[in-house]
>>> print(open('run_36.cif').read())   # mmCIF, C-alpha atoms
data_query
#
loop_
_atom_site.group_PDB
_atom_site.id
_atom_site.type_symbol
_atom_site.label_atom_id
_atom_site.label_comp_id
_atom_site.auth_asym_id
_atom_site.auth_seq_id
_atom_site.Cartn_x
_atom_site.Cartn_y
_atom_site.Cartn_z
ATOM 1 C CA MET A 778 30.139 6.639 -29.233
ATOM 2 C CA ASP A 779 29.373 7.199 -25.541
ATOM 3 C CA GLU A 780 25.824 7.288 -24.362
ATOM 4 C CA PHE A 781 24.940 10.778 -23.254
ATOM 5 C CA GLN A 782 23.117 10.750 -19.937
ATOM 6 C CA THR A 783 21.446 13.930 -18.774
ATOM 7 C CA GLY A 784 19.780 14.826 -15.551
ATOM 8 C CA GLU A 785 20.253 13.619 -11.961
ATOM 9 C CA GLU A 786 19.513 10.067 -10.960
ATOM 10 C CA ALA A 787 16.004 10.033 -9.714
ATOM 11 C CA SER A 788 15.865 8.338 -6.364
ATOM 12 C CA PHE A 789 13.318 7.878 -3.633
ATOM 13 C CA LEU A 790 14.430 10.165 -0.793
ATOM 14 C CA VAL A 791 12.943 8.877 2.433
ATOM 15 C CA ASP A 792 13.476 12.070 4.438
ATOM 16 C CA GLU A 793 11.865 14.236 1.835
ATOM 17 C CA VAL A 794 8.858 11.954 1.589
ATOM 18 C CA SER A 795 8.589 11.645 5.359
ATOM 19 C CA SER A 796 8.253 15.433 5.775
ATOM 20 C CA ILE A 797 5.659 15.585 3.044
ATOM 21 C CA ILE A 798 3.607 12.928 4.817
ATOM 22 C CA LYS A 799 3.917 14.579 8.227
ATOM 23 C CA GLU A 800 2.705 17.887 6.873
ATOM 24 C CA ALA A 801 -0.252 16.242 5.198
ATOM 25 C CA ILE A 802 -1.277 14.480 8.422
ATOM 26 C CA GLU A 803 -0.895 17.589 10.566
ATOM 27 C CA GLY A 804 -2.831 19.615 8.060
ATOM 28 C CA ALA A 805 -5.751 17.187 7.884
ATOM 29 C CA ILE A 806 -6.160 15.918 11.442
ATOM 30 C CA GLY A 807 -3.737 18.038 13.464
ATOM 31 C CA GLY A 808 -5.778 19.189 16.429
ATOM 32 C CA ASN A 809 -8.802 16.905 16.028
ATOM 33 C CA ALA A 810 -10.323 14.151 18.129
ATOM 34 C CA TYR A 811 -11.556 10.904 16.536
ATOM 35 C CA GLN A 812 -14.939 11.483 14.942
ATOM 36 C CA HIS A 813 -16.650 8.686 13.086
ATOM 37 C CA SER A 814 -18.451 11.052 10.752
ATOM 38 C CA LYS A 815 -15.296 12.804 9.653
ATOM 39 C CA VAL A 816 -12.765 10.012 9.359
ATOM 40 C CA ASN A 817 -13.533 9.242 5.730
ATOM 41 C CA GLN A 818 -12.827 12.839 4.750
ATOM 42 C CA TRP A 819 -9.625 12.805 6.778
ATOM 43 C CA THR A 820 -8.150 9.659 5.253
ATOM 44 C CA THR A 821 -9.030 10.900 1.782
ATOM 45 C CA SER A 822 -7.526 14.280 2.425
ATOM 46 C CA VAL A 823 -4.288 12.832 3.827
ATOM 47 C CA VAL A 824 -3.699 10.540 0.842
ATOM 48 C CA GLU A 825 -4.626 13.147 -1.718
ATOM 49 C CA GLN A 826 -2.524 15.880 -0.169
ATOM 50 C CA THR A 827 0.462 13.517 0.141
ATOM 51 C CA LEU A 828 0.108 12.276 -3.418
ATOM 52 C CA SER A 829 -0.150 15.748 -4.906
ATOM 53 C CA GLN A 830 2.960 16.933 -3.052
ATOM 54 C CA LEU A 831 4.860 13.839 -4.177
ATOM 55 C CA THR A 832 3.951 14.299 -7.826
ATOM 56 C CA LYS A 833 5.023 17.939 -7.586
ATOM 57 C CA LEU A 834 8.567 16.694 -6.966
ATOM 58 C CA GLY A 835 8.586 15.961 -10.685
ATOM 59 C CA LYS A 836 10.492 12.674 -10.461
ATOM 60 C CA PRO A 837 9.843 9.798 -12.901
ATOM 61 C CA PHE A 838 8.047 7.689 -10.300
ATOM 62 C CA LYS A 839 4.691 6.018 -9.880
ATOM 63 C CA TYR A 840 3.365 6.464 -6.321
ATOM 64 C CA ILE A 841 1.039 4.579 -4.008
ATOM 65 C CA VAL A 842 -0.040 6.201 -0.734
ATOM 66 C CA THR A 843 -2.100 4.410 1.914
ATOM 67 C CA CYS A 844 -3.495 5.783 5.160
ATOM 68 C CA VAL A 845 -4.997 3.990 8.162
ATOM 69 C CA ILE A 846 -6.761 5.836 10.965
ATOM 70 C CA MET A 847 -7.766 3.888 14.036
ATOM 71 C CA GLN A 848 -9.618 4.960 17.133
ATOM 72 C CA LYS A 849 -7.694 4.395 20.369
ATOM 73 C CA ASN A 850 -9.548 1.933 22.493
ATOM 74 C CA GLY A 851 -7.027 -0.710 23.410
ATOM 75 C CA ALA A 852 -7.466 -2.946 20.360
ATOM 76 C CA GLY A 853 -4.326 -4.394 18.815
ATOM 77 C CA LEU A 854 -3.446 -3.468 15.227
ATOM 78 C CA HIS A 855 -0.643 -5.060 13.250
ATOM 79 C CA THR A 856 0.373 -4.221 9.709
ATOM 80 C CA ALA A 857 2.958 -5.690 7.365
ATOM 81 C CA SER A 858 3.941 -5.065 3.773
ATOM 82 C CA SER A 859 6.086 -6.885 1.296
ATOM 83 C CA CYS A 860 7.321 -5.529 -2.038
ATOM 84 C CA PHE A 861 8.594 -7.087 -5.225
ATOM 85 C CA TRP A 862 10.462 -4.358 -7.058
ATOM 86 C CA ASP A 863 13.824 -2.921 -8.040
ATOM 87 C CA ASN A 864 15.799 -2.338 -4.847
ATOM 88 C CA SER A 865 18.148 0.152 -6.401
ATOM 89 C CA SER A 866 15.513 2.639 -7.506
ATOM 90 C CA ASP A 867 12.294 1.999 -5.588
ATOM 91 C CA GLY A 868 11.522 2.815 -1.987
ATOM 92 C CA THR A 869 8.988 3.234 0.764
ATOM 93 C CA CYS A 870 8.387 5.447 3.759
ATOM 94 C CA THR A 871 5.948 4.910 6.639
ATOM 95 C CA VAL A 872 4.976 7.574 9.150
ATOM 96 C CA ARG A 873 3.184 6.721 12.401
ATOM 97 C CA TRP A 874 1.362 9.544 14.125
ATOM 98 C CA GLU A 875 -0.933 9.650 17.113
ATOM 99 C CA ASN A 876 -2.809 11.941 19.397
ATOM 100 C CA LYS A 877 -4.986 11.289 22.445
ATOM 101 C CA THR A 878 -7.861 9.687 20.557
ATOM 102 C CA MET A 879 -6.476 8.088 17.410
ATOM 103 C CA TYR A 880 -3.570 6.532 15.540
ATOM 104 C CA CYS A 881 -2.700 7.397 11.960
ATOM 105 C CA ILE A 882 -0.315 5.325 9.850
ATOM 106 C CA VAL A 883 0.612 6.533 6.371
ATOM 107 C CA SER A 884 2.760 4.563 3.911
ATOM 108 C CA ALA A 885 4.104 5.911 0.652
ATOM 109 C CA PHE A 886 5.642 3.651 -1.984
ATOM 110 C CA GLY A 887 7.600 5.045 -4.941
ATOM 111 C CA LEU A 888 8.361 2.913 -8.017
ATOM 112 C CA ALA A 889 10.714 4.147 -10.696
ATOM 113 C CA ILE A 890 9.373 4.189 -14.200
ATOM 114 C CA MET B 830 9.441 4.521 -41.911
ATOM 115 C CA GLU B 831 6.976 3.821 -39.125
ATOM 116 C CA GLU B 832 8.218 3.693 -35.579
ATOM 117 C CA PHE B 833 7.682 0.298 -34.016
ATOM 118 C CA HIS B 834 5.773 0.574 -30.720
ATOM 119 C CA PRO B 835 5.638 -2.682 -28.788
ATOM 120 C CA HIS B 836 2.096 -2.615 -27.492
ATOM 121 C CA ASN B 837 1.404 -4.223 -24.144
ATOM 122 C CA ASP B 838 -2.034 -5.520 -25.007
ATOM 123 C CA GLU B 839 -1.952 -8.306 -22.455
ATOM 124 C CA MET B 840 -0.813 -6.065 -19.633
ATOM 125 C CA ILE B 841 -3.989 -5.601 -17.682
ATOM 126 C CA PHE B 842 -4.037 -6.345 -13.996
ATOM 127 C CA ASN B 843 -6.344 -9.264 -13.308
ATOM 128 C CA ALA B 844 -7.913 -8.285 -10.006
ATOM 129 C CA ASP B 845 -10.018 -11.455 -9.649
ATOM 130 C CA GLU B 846 -7.000 -13.669 -9.945
ATOM 131 C CA ALA B 847 -5.176 -11.624 -7.300
ATOM 132 C CA HIS B 848 -8.267 -11.658 -5.072
ATOM 133 C CA ASN B 849 -8.394 -15.460 -5.094
ATOM 134 C CA ILE B 850 -4.698 -15.803 -4.426
ATOM 135 C CA VAL B 851 -4.863 -13.497 -1.437
ATOM 136 C CA LYS B 852 -8.012 -15.063 -0.014
ATOM 137 C CA GLU B 853 -6.394 -18.485 -0.023
ATOM 138 C CA CYS B 854 -3.301 -17.134 1.722
ATOM 139 C CA ILE B 855 -5.357 -15.484 4.448
ATOM 140 C CA GLU B 856 -7.426 -18.624 4.991
ATOM 141 C CA SER B 857 -4.357 -20.792 5.271
ATOM 142 C CA VAL B 858 -2.683 -18.514 7.808
ATOM 143 C CA LEU B 859 -5.599 -17.255 9.912
ATOM 144 C CA GLY B 860 -8.277 -19.821 9.083
ATOM 145 C CA LYS B 861 -9.244 -21.122 12.483
ATOM 146 C CA ALA B 862 -7.165 -18.929 14.769
ATOM 147 C CA ASP B 863 -8.269 -16.466 17.427
ATOM 148 C CA TYR B 864 -6.513 -13.129 17.859
ATOM 149 C CA ASN B 865 -3.252 -13.799 19.646
ATOM 150 C CA GLN B 866 -0.926 -10.902 20.322
ATOM 151 C CA ASN B 867 2.141 -13.126 20.352
ATOM 152 C CA LYS B 868 1.419 -14.561 16.974
ATOM 153 C CA VAL B 869 0.063 -11.648 15.009
ATOM 154 C CA ASN B 870 3.441 -10.495 13.778
ATOM 155 C CA GLN B 871 4.153 -13.939 12.322
ATOM 156 C CA TRP B 872 0.726 -14.019 10.714
ATOM 157 C CA THR B 873 0.937 -10.674 8.950
ATOM 158 C CA ALA B 874 4.431 -11.509 7.703
ATOM 159 C CA ALA B 875 3.299 -14.921 6.466
ATOM 160 C CA ILE B 876 0.287 -13.484 4.671
ATOM 161 C CA VAL B 877 2.243 -10.833 2.782
ATOM 162 C CA GLU B 878 5.084 -13.151 1.910
ATOM 163 C CA GLN B 879 2.900 -15.996 0.676
ATOM 164 C CA SER B 880 0.674 -13.632 -1.317
ATOM 165 C CA LEU B 881 3.689 -11.995 -2.905
ATOM 166 C CA THR B 882 5.270 -15.343 -3.803
ATOM 167 C CA HIS B 883 2.100 -16.538 -5.519
ATOM 168 C CA LEU B 884 1.654 -13.275 -7.392
ATOM 169 C CA VAL B 885 5.219 -13.336 -8.667
ATOM 170 C CA LYS B 886 4.721 -16.937 -9.816
ATOM 171 C CA LEU B 887 2.104 -15.651 -12.265
ATOM 172 C CA GLY B 888 5.147 -14.584 -14.258
ATOM 173 C CA LYS B 889 3.814 -11.214 -15.392
ATOM 174 C CA THR B 890 6.092 -8.206 -15.750
ATOM 175 C CA TYR B 891 4.765 -6.366 -12.728
ATOM 176 C CA LYS B 892 6.209 -4.937 -9.554
ATOM 177 C CA TYR B 893 4.001 -5.774 -6.558
ATOM 178 C CA ILE B 894 3.307 -4.222 -3.175
ATOM 179 C CA VAL B 895 1.261 -6.233 -0.693
ATOM 180 C CA THR B 896 0.142 -4.763 2.633
ATOM 181 C CA CYS B 897 -1.766 -6.512 5.388
ATOM 182 C CA ALA B 898 -3.464 -5.148 8.512
ATOM 183 C CA VAL B 899 -4.818 -7.433 11.231
ATOM 184 C CA MET B 900 -6.929 -5.869 13.935
ATOM 185 C CA GLN B 901 -8.482 -7.288 17.064
ATOM 186 C CA ARG B 902 -12.272 -6.931 17.074
ATOM 187 C CA SER B 903 -13.094 -4.675 19.951
ATOM 188 C CA GLY B 904 -15.465 -2.144 18.532
ATOM 189 C CA ALA B 905 -12.803 0.396 17.587
ATOM 190 C CA GLY B 906 -13.289 2.207 14.305
ATOM 191 C CA LEU B 907 -10.746 1.636 11.548
ATOM 192 C CA HIS B 908 -10.594 3.577 8.298
ATOM 193 C CA THR B 909 -8.187 3.132 5.446
ATOM 194 C CA ALA B 910 -7.688 5.027 2.205
ATOM 195 C CA SER B 911 -5.196 4.807 -0.615
ATOM 196 C CA SER B 912 -4.408 6.925 -3.610
ATOM 197 C CA CYS B 913 -2.231 5.979 -6.566
ATOM 198 C CA PHE B 914 -0.382 7.930 -9.216
ATOM 199 C CA TRP B 915 0.243 5.478 -12.049
ATOM 200 C CA ASP B 916 -0.748 4.290 -15.486
ATOM 201 C CA THR B 917 -4.416 3.401 -15.197
ATOM 202 C CA THR B 918 -4.372 1.244 -18.330
ATOM 203 C CA THR B 919 -1.842 -1.270 -17.040
ATOM 204 C CA ASP B 920 -1.664 -0.884 -13.265
ATOM 205 C CA GLY B 921 -4.216 -1.985 -10.711
ATOM 206 C CA THR B 922 -5.128 -2.791 -7.158
ATOM 207 C CA CYS B 923 -7.169 -5.337 -5.256
ATOM 208 C CA THR B 924 -8.354 -5.284 -1.638
ATOM 209 C CA VAL B 925 -9.490 -8.335 0.305
ATOM 210 C CA ARG B 926 -11.381 -7.954 3.587
ATOM 211 C CA TRP B 927 -11.691 -10.989 5.803
ATOM 212 C CA GLU B 928 -12.901 -11.483 9.336
ATOM 213 C CA ASN B 929 -13.701 -14.064 11.942
ATOM 214 C CA ARG B 930 -15.014 -13.863 15.493
ATOM 215 C CA THR B 931 -11.967 -12.192 17.005
ATOM 216 C CA MET B 932 -10.200 -10.280 14.256
ATOM 217 C CA ASN B 933 -10.407 -8.345 11.016
ATOM 218 C CA CYS B 934 -7.866 -8.678 8.245
ATOM 219 C CA ILE B 935 -7.436 -6.297 5.305
ATOM 220 C CA VAL B 936 -4.964 -7.059 2.535
ATOM 221 C CA ASN B 937 -4.154 -4.632 -0.296
ATOM 222 C CA VAL B 938 -2.326 -5.620 -3.451
ATOM 223 C CA PHE B 939 -0.906 -2.965 -5.757
ATOM 224 C CA ALA B 940 0.496 -4.038 -9.134
ATOM 225 C CA VAL B 941 2.583 -1.647 -11.186
ATOM 226 C CA ALA B 942 3.582 -2.591 -14.731
ATOM 227 C CA ILE B 943 7.237 -2.635 -15.653
ATOM 228 C CA LEU B 944 7.957 -0.885 -18.937
ATOM 229 C CA LEU B 945 10.411 -2.847 -20.989
#
>>> encode(input="run_36.cif", output="structure tokens")
Amino acid sequence: MDEFQTGEEASFLVDEVSSIIKEAIEGAIGGNAYQHSKVNQWTTSVVEQTLSQLTKLGKPFKYIVTCVIMQKNGAGLHTASSCFWDNSSDGTCTVRWENKTMYCIVSAFGLAI
Amino acid sequence: MEEFHPHNDEMIFNADEAHNIVKECIESVLGKADYNQNKVNQWTAAIVEQSLTHLVKLGKTYKYIVTCAVMQRSGAGLHTASSCFWDTTTDGTCTVRWENRTMNCIVNVFAVAILL
């Protein structure tokens, strides 16, 4: 008896996730200049907005979204990430954004359940 | 007839264990160094790879994501946030912040249980 498989293969679509992240960043910090008192709200709002849009895609994935906002003042910042997962189903997408006063780096990781 | 549910009782992420593993990796890579633009890329790569290797050696059925940020200390503000959509009973995270005179290092570990 053949196994009956229904539904499309759920996969992590980098382009789709990348647009979701970009919209979340623009929406939260779009025209703003770095402000120490507001940055906490901004990072929170970017990750929450991104996560809620990702879960709305309805795919059987667990998600992790991280956001870093750094003031531009000449300091060097380096980031790296390493993942131990299933290469065929899991994926990641990182978006780097900047304006005149700050850098914003958002990473989204999707792990198939 | 009752359905047999294999219950993952032991599947809880041990954040302390992960914290110690990561701290040792950071110390061994950055320990006595000063911020050096030419070397930072090697350092962040070494930290994530060593941390990941040690975590995997724990032999638990988890997928891991390790991220590391190294920043020169110059007075700039840095803020990070993360949000996770997962199974809160089995999955977990651990963040280690480390610094010396010339740089800050922040390592995040995310562990997601694999359902067998």
>>> interface_residues(input="run_36.cif", of="chain B", to="chain A", cutoff="10 Å", atoms="only C-alpha atoms", output="number ranges by chain")
B: 864-866, 869-882, 884-885, 891-916, 920, 932-945
>>> atom_distance(input="run_36.cif", atom1="atom CA of A:Gln830", atom2="atom CA of A:Lys799")
11.6 Å
>>> atom_distance(input="run_36.cif", atom1="atom CA of B:Glu928", atom2="atom CA of B:Ser857")
13.3 Å
>>> atom_distance(input="run_36.cif", atom1="atom CA of B:Val851", atom2="atom CA of B:Val925")
7.1 Å
>>> closest_residue(input="run_36.cif", among="A:Thr869, A:Gly804, A:Gly835, A:Trp874", to="A:Ala787", atoms="all atoms listed in the file")
A:Gly835
>>> residues_around(input="run_36.cif", residues="A:Leu790", least_positions_apart="2", cutoff="10 Å", atoms="only C-alpha atoms", output="ChimeraX atom specification")
/A:787-788,792-795,867-870,887
>>> closest_residue(input="run_36.cif", among="A:Pro837, A:Asn809, A:Ser814, A:Asn864", to="A:Lys877", atoms="only C-alpha atoms")
A:Asn809
>>> decode(input="run_36.cif", residues="stretch 836-866 of chain A", atoms="N, CA, C and O atoms", output="PDB file, in the first residue's frame")
ATOM      1  N   LYS A 836       3.460  27.586   8.009  1.00  0.00           N
ATOM      2  CA  LYS A 836       4.269  26.410   7.690  1.00  0.00           C
ATOM      3  C   LYS A 836       4.677  25.699   8.983  1.00  0.00           C
ATOM      4  O   LYS A 836       4.797  26.326  10.015  1.00  0.00           O
ATOM      5  N   PRO A 837       4.930  24.377   8.898  1.00  0.00           N
ATOM      6  CA  PRO A 837       5.291  23.630  10.114  1.00  0.00           C
ATOM      7  C   PRO A 837       6.744  23.888  10.496  1.00  0.00           C
ATOM      8  O   PRO A 837       7.596  23.011  10.357  1.00  0.00           O
ATOM      9  N   PHE A 838       7.031  25.111  10.932  1.00  0.00           N
ATOM     10  CA  PHE A 838       8.386  25.486  11.302  1.00  0.00           C
ATOM     11  C   PHE A 838       8.419  26.099  12.682  1.00  0.00           C
ATOM     12  O   PHE A 838       7.470  26.753  13.106  1.00  0.00           O
ATOM     13  N   LYS A 839       9.558  25.936  13.358  1.00  0.00           N
ATOM     14  CA  LYS A 839       9.836  26.717  14.561  1.00  0.00           C
ATOM     15  C   LYS A 839      10.718  27.861  14.063  1.00  0.00           C
ATOM     16  O   LYS A 839      11.533  27.659  13.167  1.00  0.00           O
ATOM     17  N   TYR A 840      10.571  29.059  14.636  1.00  0.00           N
ATOM     18  CA  TYR A 840      11.352  30.205  14.165  1.00  0.00           C
ATOM     19  C   TYR A 840      12.134  30.854  15.289  1.00  0.00           C
ATOM     20  O   TYR A 840      11.693  30.880  16.440  1.00  0.00           O
ATOM     21  N   ILE A 841      13.297  31.408  14.921  1.00  0.00           N
ATOM     22  CA  ILE A 841      14.074  32.217  15.855  1.00  0.00           C
ATOM     23  C   ILE A 841      14.437  33.478  15.095  1.00  0.00           C
ATOM     24  O   ILE A 841      14.948  33.405  13.979  1.00  0.00           O
ATOM     25  N   VAL A 842      14.139  34.643  15.658  1.00  0.00           N
ATOM     26  CA  VAL A 842      14.466  35.906  14.989  1.00  0.00           C
ATOM     27  C   VAL A 842      15.323  36.735  15.929  1.00  0.00           C
ATOM     28  O   VAL A 842      14.979  36.910  17.092  1.00  0.00           O
ATOM     29  N   THR A 843      16.472  37.231  15.439  1.00  0.00           N
ATOM     30  CA  THR A 843      17.307  38.074  16.288  1.00  0.00           C
ATOM     31  C   THR A 843      17.535  39.402  15.580  1.00  0.00           C
ATOM     32  O   THR A 843      17.568  39.468  14.356  1.00  0.00           O
ATOM     33  N   CYS A 844      17.678  40.462  16.367  1.00  0.00           N
ATOM     34  CA  CYS A 844      17.876  41.787  15.784  1.00  0.00           C
ATOM     35  C   CYS A 844      18.963  42.522  16.549  1.00  0.00           C
ATOM     36  O   CYS A 844      18.965  42.526  17.786  1.00  0.00           O
ATOM     37  N   VAL A 845      19.890  43.146  15.823  1.00  0.00           N
ATOM     38  CA  VAL A 845      20.942  43.936  16.462  1.00  0.00           C
ATOM     39  C   VAL A 845      20.866  45.344  15.901  1.00  0.00           C
ATOM     40  O   VAL A 845      20.836  45.521  14.681  1.00  0.00           O
ATOM     41  N   ILE A 846      20.811  46.335  16.777  1.00  0.00           N
ATOM     42  CA  ILE A 846      20.853  47.723  16.304  1.00  0.00           C
ATOM     43  C   ILE A 846      22.074  48.376  16.919  1.00  0.00           C
ATOM     44  O   ILE A 846      22.285  48.304  18.133  1.00  0.00           O
ATOM     45  N   MET A 847      22.906  48.978  16.064  1.00  0.00           N
ATOM     46  CA  MET A 847      24.114  49.603  16.574  1.00  0.00           C
ATOM     47  C   MET A 847      24.247  51.028  16.055  1.00  0.00           C
ATOM     48  O   MET A 847      24.073  51.289  14.864  1.00  0.00           O
ATOM     49  N   GLN A 848      24.608  51.906  16.959  1.00  0.00           N
ATOM     50  CA  GLN A 848      24.827  53.298  16.617  1.00  0.00           C
ATOM     51  C   GLN A 848      26.064  53.414  15.713  1.00  0.00           C
ATOM     52  O   GLN A 848      27.042  52.694  15.908  1.00  0.00           O
ATOM     53  N   LYS A 849      26.020  54.300  14.735  1.00  0.00           N
ATOM     54  CA  LYS A 849      27.177  54.462  13.858  1.00  0.00           C
ATOM     55  C   LYS A 849      28.155  55.427  14.499  1.00  0.00           C
ATOM     56  O   LYS A 849      27.896  56.629  14.553  1.00  0.00           O
ATOM     57  N   ASN A 850      29.293  54.885  14.951  1.00  0.00           N
ATOM     58  CA  ASN A 850      30.301  55.836  15.395  1.00  0.00           C
ATOM     59  C   ASN A 850      31.697  55.331  15.092  1.00  0.00           C
ATOM     60  O   ASN A 850      32.661  55.719  15.733  1.00  0.00           O
ATOM     61  N   GLY A 851      31.813  54.481  14.090  1.00  0.00           N
ATOM     62  CA  GLY A 851      33.139  54.048  13.685  1.00  0.00           C
ATOM     63  C   GLY A 851      33.598  52.747  14.319  1.00  0.00           C
ATOM     64  O   GLY A 851      34.604  52.182  13.915  1.00  0.00           O
ATOM     65  N   ALA A 852      32.871  52.255  15.314  1.00  0.00           N
ATOM     66  CA  ALA A 852      33.303  51.004  15.967  1.00  0.00           C
ATOM     67  C   ALA A 852      33.115  49.844  15.007  1.00  0.00           C
ATOM     68  O   ALA A 852      32.240  49.864  14.154  1.00  0.00           O
ATOM     69  N   GLY A 853      33.947  48.822  15.150  1.00  0.00           N
ATOM     70  CA  GLY A 853      33.824  47.635  14.317  1.00  0.00           C
ATOM     71  C   GLY A 853      32.863  46.654  14.959  1.00  0.00           C
ATOM     72  O   GLY A 853      32.863  46.494  16.175  1.00  0.00           O
ATOM     73  N   LEU A 854      32.021  46.012  14.153  1.00  0.00           N
ATOM     74  CA  LEU A 854      31.125  44.973  14.679  1.00  0.00           C
ATOM     75  C   LEU A 854      31.211  43.769  13.770  1.00  0.00           C
ATOM     76  O   LEU A 854      31.093  43.900  12.553  1.00  0.00           O
ATOM     77  N   HIS A 855      31.454  42.603  14.331  1.00  0.00           N
ATOM     78  CA  HIS A 855      31.512  41.390  13.535  1.00  0.00           C
ATOM     79  C   HIS A 855      30.556  40.372  14.129  1.00  0.00           C
ATOM     80  O   HIS A 855      30.496  40.223  15.336  1.00  0.00           O
ATOM     81  N   THR A 856      29.810  39.686  13.274  1.00  0.00           N
ATOM     82  CA  THR A 856      28.918  38.654  13.788  1.00  0.00           C
ATOM     83  C   THR A 856      29.116  37.383  12.984  1.00  0.00           C
ATOM     84  O   THR A 856      29.517  37.426  11.817  1.00  0.00           O
ATOM     85  N   ALA A 857      28.877  36.248  13.631  1.00  0.00           N
ATOM     86  CA  ALA A 857      28.988  34.965  12.938  1.00  0.00           C
ATOM     87  C   ALA A 857      27.905  34.073  13.505  1.00  0.00           C
ATOM     88  O   ALA A 857      27.450  34.282  14.626  1.00  0.00           O
ATOM     89  N   SER A 858      27.470  33.081  12.726  1.00  0.00           N
ATOM     90  CA  SER A 858      26.543  32.112  13.308  1.00  0.00           C
ATOM     91  C   SER A 858      26.806  30.754  12.682  1.00  0.00           C
ATOM     92  O   SER A 858      27.270  30.663  11.540  1.00  0.00           O
ATOM     93  N   SER A 859      26.550  29.739  13.450  1.00  0.00           N
ATOM     94  CA  SER A 859      26.810  28.385  13.000  1.00  0.00           C
ATOM     95  C   SER A 859      25.599  27.555  13.400  1.00  0.00           C
ATOM     96  O   SER A 859      25.049  27.746  14.477  1.00  0.00           O
ATOM     97  N   CYS A 860      25.136  26.667  12.520  1.00  0.00           N
ATOM     98  CA  CYS A 860      23.910  25.928  12.821  1.00  0.00           C
ATOM     99  C   CYS A 860      24.070  24.437  12.618  1.00  0.00           C
ATOM    100  O   CYS A 860      24.682  24.000  11.638  1.00  0.00           O
ATOM    101  N   PHE A 861      23.499  23.687  13.552  1.00  0.00           N
ATOM    102  CA  PHE A 861      23.524  22.234  13.465  1.00  0.00           C
ATOM    103  C   PHE A 861      22.079  21.815  13.256  1.00  0.00           C
ATOM    104  O   PHE A 861      21.278  21.846  14.201  1.00  0.00           O
ATOM    105  N   TRP A 862      21.742  21.470  12.006  1.00  0.00           N
ATOM    106  CA  TRP A 862      20.337  21.189  11.717  1.00  0.00           C
ATOM    107  C   TRP A 862      20.190  20.298  10.493  1.00  0.00           C
ATOM    108  O   TRP A 862      21.154  19.640  10.106  1.00  0.00           O
ATOM    109  N   ASP A 863      19.018  20.256   9.932  1.00  0.00           N
ATOM    110  CA  ASP A 863      18.774  19.435   8.748  1.00  0.00           C
ATOM    111  C   ASP A 863      18.868  20.340   7.515  1.00  0.00           C
ATOM    112  O   ASP A 863      17.973  21.143   7.265  1.00  0.00           O
ATOM    113  N   ASN A 864      19.924  20.187   6.754  1.00  0.00           N
ATOM    114  CA  ASN A 864      20.146  21.063   5.602  1.00  0.00           C
ATOM    115  C   ASN A 864      19.050  21.049   4.561  1.00  0.00           C
ATOM    116  O   ASN A 864      18.884  22.020   3.821  1.00  0.00           O
ATOM    117  N   SER A 865      18.330  19.942   4.479  1.00  0.00           N
ATOM    118  CA  SER A 865      17.338  19.874   3.403  1.00  0.00           C
ATOM    119  C   SER A 865      16.075  20.662   3.736  1.00  0.00           C
ATOM    120  O   SER A 865      15.360  21.090   2.840  1.00  0.00           O
ATOM    121  N   SER A 866      15.786  20.850   5.019  1.00  0.00           N
ATOM    122  CA  SER A 866      14.520  21.510   5.335  1.00  0.00           C
ATOM    123  C   SER A 866      14.665  22.838   6.068  1.00  0.00           C
ATOM    124  O   SER A 866      13.755  23.664   6.049  1.00  0.00           O
TER     125      SER A 866
END
